[in-house]
Every structure is written in structure tokens, then in C-alpha cells.
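Everything below concerns the one structure shown next.
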Amino acid sequence: MNRSPYITNAPTVSSIMFKVLLALMPGIAVYAWLFGGGVLITLVLATATALVTEALMLKLRHRPIQPFLSDYSAVITAWLLALAIPPLAPWWLIVVGTAFSIIIAKQLYGGLGYNPFNPAMVGYAVLLISFPVVMTKWPIALSMVETKLNFMDQFHYIFNQTLPANITIDAVTSATPLDYLKTQLKLNQSMEMIQSSPIFGVLGTQGSEYIALAYLAGGLFLWQQRVITWHLPTAFLGGIAVMASFFWAIDASQYANPMFHLFSGASMLGAFFILTDPVSGPTTPKAKLYFAAGAGIITYLIRVYGGYPDGVAFAVIFMNICVPLIDTYTQPRVFGHEK
């Protein structure tokens with residue numbers, strides 16, 4: 001007679017995390033193609049910082065180092081943070097943010113499996129609150145500027161904050177399109193006039209919409225591999241789409257259409273790679289729907305009415321706080337017991 005357990009080849013943490021890294025590759029490739037190699041430098045800096053700080057904290061906690069470094073969880077945190085901040089940000093910014101994510105938001109809570117908040121989003125939120133000017137200056141797509149920064153130009157700017165004599169930083173960077181949209185609306189500009197700016201594309205913002213499509217492809221790969229379920233991405237994007245559709249239907253001259261919000265900012269990255277964190281998120285299917293829908297609604301409200309250009313990080317952190325309550329009220333009935 002066969003006896004339980006019946007799952008004998010359960011996937012390891014390292015195999016799951018490695019698939020997540022693979023799924024991020026298309027987005028990173030498109031990112032580097034459109035905005036230059038600065039993002040690759042940021043990724044390397046973040047990865048090195050994450051591994052060093054993780055090893056240091058494990059040593060201080062008298063825990064084995066190799067098993068935890070080889071599960072790729074620190075690398076996932078590093079990559080998500082690196083992809084969320086401007087690729088031309090100074091080197092110390094990504095180092096500080098990554099170290100904070102690993103040390104404070106992860107290891108001080110007990111390491112992987114014990115952290116109540118998404119470490120990458122905690123690091124991002126700290127950087128955005130502490131250094132708002134640096135965090136809201138994003139590069140312009142290379143196709144939109146006459147004088148382009150090559151890889152070495154971006155390297156020197158990240159480490160030395162210096163550019164070639166014929167290039168100014170204002171010529172290659174600008175406020176995020178979401179921030180530009182909010183600012184122009186406050187100046188009583190119509191949505192039609194605002195979106196005629198060259199920084200906006202067909203679906204979302206110029207260049208970023210293609211990165212969003214690449215993240216979508218990577219997310220579908222994770223779903224096909226059963227690394228994630230459909231509940232979190234669908235509910236998150238659905239929450240954004242429903243809110244955007246409601247306000248757009250009320251006044252299309254003052255509110256962007258749903259497609260713009262879905263393919264701008266960190267919507268796709270958040271849907272498939274941030275909210276799907278198995279540690280800081282909910283466990284039951286119904287809880288995942290409530291959790292992600294709430295994050296989508298809060299993201300939209302921060303984008304439109306808040307003081308920050310995007311709201312994914314703050315929405316995720318707020319909903320992380322609600323996870324125990326959501327899980328408590330969505331647990332399925334135990335067989336043999338009354339509900």
C-alpha cells in the first residue's frame with residue numbers, strides 16, 4: 001500500500017528562485033537595450049552588496065553561510081530593488097538600499113521565511129523617502145536623445161557623477177512619466193495634450209511599455225512553470241484596471257486610461273515578481289485575491305492622489321501588514337469541523 005507523503009520531488013527553494021531570475025532576464029535585456037548598460041552595473045552592485053551583507057549577517061547569527069547564499073533569495077531581493085530604482089543613480093544609493101533590505105528587512109526578522117515585509121520594497125521605500133530627488137530622475141530612452149551615453153559614460157556617472165563635457169544630466173534624464181503626468185494635470189493641462197509629449201508611447205510610457213511586455217512574458221513563464229498562481233497578478237492588475245476605468249469613464253480629460261496604468265511604472269514588475277513573494281504574501285487562494293486587489297487599488301490611489309509618482313512599494317508594504325488578518329478570515333473550513 002502506498003503511504004503519504006506522495007510528493008517526493010518537491011521543488012527546492014533554489015530551483016524556484018533560479019526560475020524567477022530567468023523570468024526577469026527578458027525585462028533586463030529590453031531595459032539595457034532601450035536605456036543603456038547602466039542597469040547592468042546597478043544589478044552587479046546590488047547583487048554583490050546583497051551577498052556580502054547576507055553572509056555577514058549569517059556569520060553574526062552563527063548560521064551556515066553557503067546553504068543560504070545558494071538559495072538565490074538574496075539575489076532576487078537585489079535584482080528587484082535594482083530594477084525599481086533609476087539605473088543612473090549613484091553607486092552608494094543602490095549599496096545603501098540593498099544593505100538595508102537584507103540587514104533590516106530580512107535578516108533581523110530571522111531570514112528567509114520569517115520576514116513579514118517584502119525586503120526589496122522596504123529598501124525602495126526607504127530610499128524614496130530619504131532621497132526623493134535622486135529617486136525620481138530617470139534616464140530618457142536612447143532613441144529619444146541626440147547625444148547618447150555609452151556604457152562607459154554611464155559607468156563614470158554612476159561612480160563619479162561626471163559626464164562628457166558636451167552632455168548635461170538634464171539632457172539625458174527627466175522626471176518619471178507618471179510624475180510628469182501628475183504635475184501637468186495640476187497645471188490644468190488636458191490629458192490629450194499631456195500624452196502628446198514624446199515621453200509617452202502607445203500603451204504606456206516611451207520605452208517602459210516594452211519593458212512591461214517583457215516582464216509580462218516572464219511572468220507568464222513563471223505561471224506556466226507553476227512557480228506562481230494566477231490569483232495575485234490577475235487581482236493586482238485587475239484592481240488597477242478597475243480603478244483606472246472608473247475614473248477614466250468619469251473624466252477622460254483628467255485621468256489616464258487603464259492601459260496606460262497597466263503598462264507604466266512598476267505595474268507588471270509588481271504583479272508577477274513583487275506581490276508573488278511567497279514569504280510576505282498570503283497563503284490561501286481567496287486571501288491572495290483580496291491582498292492583490294487591495295494592493296492594486298492603493299497603487300492607483302497613490303499614483304493619482306499621492307505625493308509619489310508610483311505606489312507599488314507602499315501598497316505592497318501596507319498589504320503585507322494586513323496579511324495575518326486576511327489569512328485568518330479566509331482559511332478554508334477544516335474537514336470534520338464547523339466553519
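Identifiers in this document derive from the order of the C-alpha cells: chains are assigned A, B, ..., residues are numbered from 1 separately in each chain, and ligands are numbered from 1 in order of occurrence.
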
Contacts of region 73-80 of chain A at 6 Å (only C-alpha atoms; same-chain gap of 3+ positions) as number ranges by chain: A: 43, 46-47, 50, 83, 120

Selection: 10 Å around region 53-64 of chain A, only C-alpha atoms, excl. self and same-chain fewer than 4 positions, as a VMD selection string: chain A and resid 48 to 49 68 to 69 73 to 75 98 to 103 106 to 108 110 to 111

Nearest to Val20 (chain A) by atom-to-atom distance, counting only C-alpha atoms, from A:Ser70, A:Thr330, A:Ser280, A:Gln225: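 Among the listed residues, A:Gln225 lies closest to Val20 (chain A).
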
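Taking only C-alpha atoms into account, Pro90 (chain A) lies nearest to A:Thr42 out of the set A:Asn115, A:Thr176, A:Thr136, A:Thr42.
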
Polymer residues at most 12 Å from Leu222 (chain A), only C-alpha atoms, same-chain spacing of 2 or more positions, as JSON, numbers by chain: {"A": [15, 16, 17, 18, 19, 20, 21, 22, 23, 24, 215, 216, 217, 218, 219, 220, 224, 225, 226, 227, 228, 229, 230, 233, 271, 272, 273, 276]}

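CA of Gly239 (chain A) is positioned 10.3 Å from CA of Phe291 (chain A).
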
Picked from region 77-283 of chain A by DSSP as strand (DSSP E or B), as a list in words: Lys137, Trp138, Pro139, Thr173, Ser174, Ala175, Phe200 and Thr205 of chain A

Atoms kept (C-alpha atoms) for selection, written as a PDB file, in the first residue's frame:
```
ATOM      1  CA  LYS A 137      15.265  61.225 -12.029  1.00  0.00           C
ATOM      2  CA  TRP A 138      15.034  58.539 -14.711  1.00  0.00           C
ATOM      3  CA  PRO A 139      17.012  58.319 -17.986  1.00  0.00           C
ATOM      4  CA  THR A 173      17.280  62.333 -17.618  1.00  0.00           C
ATOM      5  CA  SER A 174      13.881  63.648 -16.634  1.00  0.00           C
ATOM      6  CA  ALA A 175      11.132  63.136 -14.089  1.00  0.00           C
ATOM      7  CA  PHE A 200       4.556  58.742 -23.853  1.00  0.00           C
ATOM      8  CA  THR A 205       5.437  55.454 -21.424  1.00  0.00           C
TER       9      THR A 205
END
```

DSSP-assigned helix (DSSP H, G or I) among region 5-44 of chain A, expressed as an MDAnalysis selection string: chainID A and resid 13:35 38:44

Residues near Pro324 (chain A), cut-off 10 Å, only C-alpha atoms, skip fewer than 2 positions along chain, as number ranges by chain: A: 116, 280-283, 287, 319-322, 326-329

Restricting the output to all heavy atoms, write the selected residues as an mmCIF file, in the first residue's frame.
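Final output, saved to selection.cif:
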```cif
data_model
loop_
_atom_site.group_PDB
_atom_site.id
_atom_site.type_symbol
_atom_site.label_atom_id
_atom_site.label_comp_id
_atom_site.auth_asym_id
_atom_site.auth_seq_id
_atom_site.Cartn_x
_atom_site.Cartn_y
_atom_site.Cartn_z
ATOM 1 N N PRO A 116 8.185 39.667 7.542
ATOM 2 C CA PRO A 116 6.782 39.985 7.259
ATOM 3 C C PRO A 116 6.587 40.940 6.088
ATOM 4 O O PRO A 116 5.477 41.054 5.555
ATOM 5 C CB PRO A 116 6.298 40.620 8.567
ATOM 6 C CG PRO A 116 7.527 41.238 9.150
ATOM 7 C CD PRO A 116 8.658 40.337 8.761
ATOM 8 N N SER A 280 6.150 36.982 2.362
ATOM 9 C CA SER A 280 5.422 38.125 2.916
ATOM 10 C C SER A 280 3.986 38.214 2.414
ATOM 11 O O SER A 280 3.241 39.097 2.841
ATOM 12 C CB SER A 280 6.164 39.424 2.577
ATOM 13 O OG SER A 280 6.293 39.583 1.168
ATOM 14 N N GLY A 281 3.579 37.316 1.524
ATOM 15 C CA GLY A 281 2.233 37.339 0.985
ATOM 16 C C GLY A 281 1.312 36.357 1.685
ATOM 17 O O GLY A 281 1.728 35.583 2.553
ATOM 18 N N PRO A 282 0.037 36.332 1.316
ATOM 19 C CA PRO A 282 -0.939 35.424 1.923
ATOM 20 C C PRO A 282 -0.793 34.003 1.388
ATOM 21 O O PRO A 282 -0.043 33.761 0.438
ATOM 22 C CB PRO A 282 -2.282 36.036 1.524
ATOM 23 C CG PRO A 282 -1.997 36.728 0.231
ATOM 24 C CD PRO A 282 -0.584 37.231 0.332
ATOM 25 N N THR A 283 -1.538 33.079 1.986
ATOM 26 C CA THR A 283 -1.385 31.666 1.639
ATOM 27 C C THR A 283 -2.574 31.076 0.896
ATOM 28 O O THR A 283 -2.384 30.257 0.008
ATOM 29 C CB THR A 283 -1.136 30.840 2.908
ATOM 30 O OG1 THR A 283 -2.214 31.062 3.840
ATOM 31 C CG2 THR A 283 0.166 31.249 3.572
ATOM 32 N N ALA A 287 -7.396 34.634 -0.096
ATOM 33 C CA ALA A 287 -6.600 35.691 0.521
ATOM 34 C C ALA A 287 -5.721 36.384 -0.512
ATOM 35 O O ALA A 287 -5.521 37.595 -0.463
ATOM 36 C CB ALA A 287 -5.745 35.106 1.643
ATOM 37 N N MET A 319 -0.191 46.244 2.456
ATOM 38 C CA MET A 319 -0.936 44.986 2.410
ATOM 39 C C MET A 319 -0.188 43.866 3.124
ATOM 40 O O MET A 319 -0.811 42.932 3.637
ATOM 41 C CB MET A 319 -1.235 44.601 0.961
ATOM 42 C CG MET A 319 -2.208 45.545 0.251
ATOM 43 S SD MET A 319 -3.754 45.828 1.141
ATOM 44 C CE MET A 319 -4.478 44.183 1.129
ATOM 45 N N ASN A 320 1.156 43.936 3.187
ATOM 46 C CA ASN A 320 1.911 42.977 3.996
ATOM 47 C C ASN A 320 1.464 43.035 5.453
ATOM 48 O O ASN A 320 1.386 42.003 6.140
ATOM 49 C CB ASN A 320 3.409 43.260 3.927
ATOM 50 C CG ASN A 320 4.050 42.852 2.616
ATOM 51 O OD1 ASN A 320 5.092 43.374 2.234
ATOM 52 N ND2 ASN A 320 3.444 41.926 1.897
ATOM 53 N N ILE A 321 1.185 44.244 5.948
ATOM 54 C CA ILE A 321 0.711 44.404 7.317
ATOM 55 C C ILE A 321 -0.623 43.687 7.522
ATOM 56 O O ILE A 321 -0.889 43.126 8.592
ATOM 57 C CB ILE A 321 0.564 45.905 7.662
ATOM 58 C CG1 ILE A 321 1.919 46.611 7.553
ATOM 59 C CG2 ILE A 321 -0.030 46.106 9.047
ATOM 60 C CD1 ILE A 321 1.830 48.118 7.705
ATOM 61 N N CYS A 322 -1.439 43.658 6.471
ATOM 62 C CA CYS A 322 -2.778 43.082 6.576
ATOM 63 C C CYS A 322 -2.816 41.577 6.357
ATOM 64 O O CYS A 322 -3.881 40.960 6.529
ATOM 65 C CB CYS A 322 -3.700 43.753 5.553
ATOM 66 S SG CYS A 322 -3.840 45.542 5.728
ATOM 67 N N ILE A 326 -5.972 38.965 6.846
ATOM 68 C CA ILE A 326 -6.601 38.397 5.656
ATOM 69 C C ILE A 326 -6.568 36.879 5.708
ATOM 70 O O ILE A 326 -7.562 36.203 5.418
ATOM 71 C CB ILE A 326 -5.909 38.918 4.382
ATOM 72 C CG1 ILE A 326 -6.070 40.429 4.248
ATOM 73 C CG2 ILE A 326 -6.472 38.224 3.142
ATOM 74 C CD1 ILE A 326 -5.272 41.031 3.110
ATOM 75 N N ASP A 327 -5.419 36.313 6.083
ATOM 76 C CA ASP A 327 -5.302 34.859 6.179
ATOM 77 C C ASP A 327 -6.260 34.277 7.219
ATOM 78 O O ASP A 327 -6.847 33.211 7.022
ATOM 79 C CB ASP A 327 -3.857 34.468 6.528
ATOM 80 C CG ASP A 327 -2.987 34.298 5.291
ATOM 81 O OD1 ASP A 327 -3.545 34.142 4.193
ATOM 82 O OD2 ASP A 327 -1.752 34.346 5.420
ATOM 83 N N THR A 328 -6.410 34.990 8.329
ATOM 84 C CA THR A 328 -7.283 34.497 9.401
ATOM 85 C C THR A 328 -8.723 34.340 8.931
ATOM 86 O O THR A 328 -9.400 33.345 9.243
ATOM 87 C CB THR A 328 -7.235 35.450 10.610
ATOM 88 O OG1 THR A 328 -5.899 35.494 11.113
ATOM 89 C CG2 THR A 328 -8.177 34.978 11.712
ATOM 90 N N TYR A 329 -9.198 35.312 8.154
ATOM 91 C CA TYR A 329 -10.600 35.309 7.753
ATOM 92 C C TYR A 329 -10.847 34.620 6.409
ATOM 93 O O TYR A 329 -11.966 34.630 5.907
ATOM 94 C CB TYR A 329 -11.130 36.742 7.707
ATOM 95 C CG TYR A 329 -11.374 37.308 9.090
ATOM 96 C CD1 TYR A 329 -10.421 38.110 9.700
ATOM 97 C CD2 TYR A 329 -12.532 37.004 9.803
ATOM 98 C CE1 TYR A 329 -10.616 38.626 10.976
ATOM 99 C CE2 TYR A 329 -12.751 37.511 11.073
ATOM 100 C CZ TYR A 329 -11.793 38.316 11.655
ATOM 101 O OH TYR A 329 -11.988 38.814 12.920
#
```
